[in-house]
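Engineer: Data file data-v6.cif (mmCIF, C-alpha atoms) is appended below.
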data_target
loop_
_atom_site.label_atom_id
_atom_site.label_comp_id
_atom_site.auth_asym_id
_atom_site.auth_seq_id
_atom_site.Cartn_x
_atom_site.Cartn_y
_atom_site.Cartn_z
CA MET J 1 -7.82 9.93 1.72
CA MET J 2 -7.46 6.75 3.70
CA GLU J 3 -7.99 6.65 7.44
CA ARG J 4 -4.77 5.89 9.32
CA VAL J 5 -4.97 3.05 11.80
CA VAL J 6 -2.36 2.21 14.44
CA ASN J 7 -1.99 -1.15 16.12
CA LYS J 8 0.60 -2.02 18.78
CA ALA J 9 1.25 -5.74 18.66
CA LYS J 10 2.72 -7.69 21.56
CA ASN J 11 4.75 -10.00 19.31
CA HIS J 12 5.53 -10.82 15.66
CA LYS J 13 2.71 -13.33 15.31
CA GLU J 14 0.13 -10.83 16.51
CA ALA J 15 1.53 -8.18 14.16
CA GLU J 16 1.33 -10.57 11.22
CA GLN J 17 -2.26 -11.51 12.08
CA TRP J 18 -3.23 -7.84 12.24
CA ASP J 19 -1.60 -7.21 8.87
CA VAL J 20 -3.57 -10.04 7.24
CA TYR J 21 -6.79 -8.89 8.93
CA GLN J 22 -6.26 -5.33 7.72
CA GLN J 23 -5.67 -6.45 4.13
CA ILE J 24 -8.75 -8.69 4.15
CA ARG J 25 -10.93 -5.80 5.32
CA MET J 26 -9.94 -3.57 2.37
CA THR J 27 -12.02 -3.47 -0.78
CA PRO J 28 -10.36 -3.97 -4.18
CA LYS J 29 -10.89 -0.26 -4.87
CA GLN J 30 -9.04 0.68 -1.66
CA ARG J 31 -6.14 -1.61 -2.60
CA GLN J 32 -5.92 -0.02 -6.05
CA GLU J 33 -5.91 3.49 -4.56
CA ILE J 34 -3.08 2.52 -2.23
CA VAL J 35 -1.04 1.10 -5.12
CA LYS J 36 -1.54 4.29 -7.14
CA GLU J 37 -0.40 6.42 -4.21
CA LEU J 38 2.68 4.27 -3.57
CA LYS J 39 3.64 4.34 -7.26
CA LYS J 40 3.24 8.14 -7.30
CA ARG J 41 5.44 8.49 -4.20
CA PHE J 42 8.14 6.17 -5.54
CA PHE J 43 8.25 7.19 -9.22
CA GLY J 44 7.02 10.80 -8.93
CA GLU J 45 4.18 12.65 -10.58
CA ASN J 46 5.35 12.19 -14.19
CA PRO J 47 7.48 9.05 -14.52
CA ARG J 48 9.29 8.46 -17.80
CA ASP J 49 7.94 5.74 -20.05
CA VAL J 50 10.35 2.79 -19.87
CA ARG J 51 9.92 2.18 -23.60
CA SER J 52 11.42 5.60 -24.36
CA VAL J 53 14.52 5.17 -22.16
CA LYS J 54 17.60 4.20 -24.18
CA LYS J 55 20.11 1.76 -22.80
#
Take the structure in the file and give it back as structure tokens.

Structural biologist:
Amino acid sequence: MMERVVNKAKNHKEAEQWDVYQQIRMTPKQRQEIVKELKKRFFGENPRDVRSVKK
């Protein structure tokens, strides 16, 4: 489980800087875990194989 972090930026530039800083701090393993979680949330637990879907 990833620790949730909240940042209140004063403007768009500060928000963008924080976003870049946060991404730089993550390890490759953390990034991969996040991608897996997002894919699971978007496509569901058992997504269909695109090669088996007929047009």

Engineer: Just the number, please: distance in Å from CA of Arg25 (chain J) to CA of Lys13 (chain J), one decimal.

Structural biologist: 18.5 Å

Engineer: Fewer than 5 positions away in the same chain doesn't count, so skip those; otherwise give me all residues within 12 Å of Ile34 (chain J), counting all atoms listed in the file, as a PDB file with C-alpha atoms, in the coordinates of the input.

Structural biologist:
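The resulting part-v5.pdb:
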ATOM      1  CA  MET J   1      -7.820   9.930   1.720  1.00  0.00           C
ATOM      2  CA  MET J   2      -7.460   6.750   3.700  1.00  0.00           C
ATOM      3  CA  GLU J   3      -7.990   6.650   7.440  1.00  0.00           C
ATOM      4  CA  GLN J  23      -5.670  -6.450   4.130  1.00  0.00           C
ATOM      5  CA  MET J  26      -9.940  -3.570   2.370  1.00  0.00           C
ATOM      6  CA  THR J  27     -12.020  -3.470  -0.780  1.00  0.00           C
ATOM      7  CA  PRO J  28     -10.360  -3.970  -4.180  1.00  0.00           C
ATOM      8  CA  LYS J  29     -10.890  -0.260  -4.870  1.00  0.00           C
ATOM      9  CA  LYS J  39       3.640   4.340  -7.260  1.00  0.00           C
ATOM     10  CA  LYS J  40       3.240   8.140  -7.300  1.00  0.00           C
ATOM     11  CA  ARG J  41       5.440   8.490  -4.200  1.00  0.00           C
TER      12      ARG J  41
END

Engineer: To one decimal place, how far is CA of Lys10 (chain J) from CA of Leu38 (chain J) in Å?

Structural biologist: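 Value for the CA of Lys10 (chain J)-CA of Leu38 (chain J) distance: 27.8 Å.
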
Engineer: Using Å and a single decimal, report how far CA of Ile24 (chain J) sits from CA of Lys8 (chain J).

Structural biologist: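 Result for CA of Lys8 (chain J) versus CA of Ile24 (chain J): 18.6 Å, one decimal.
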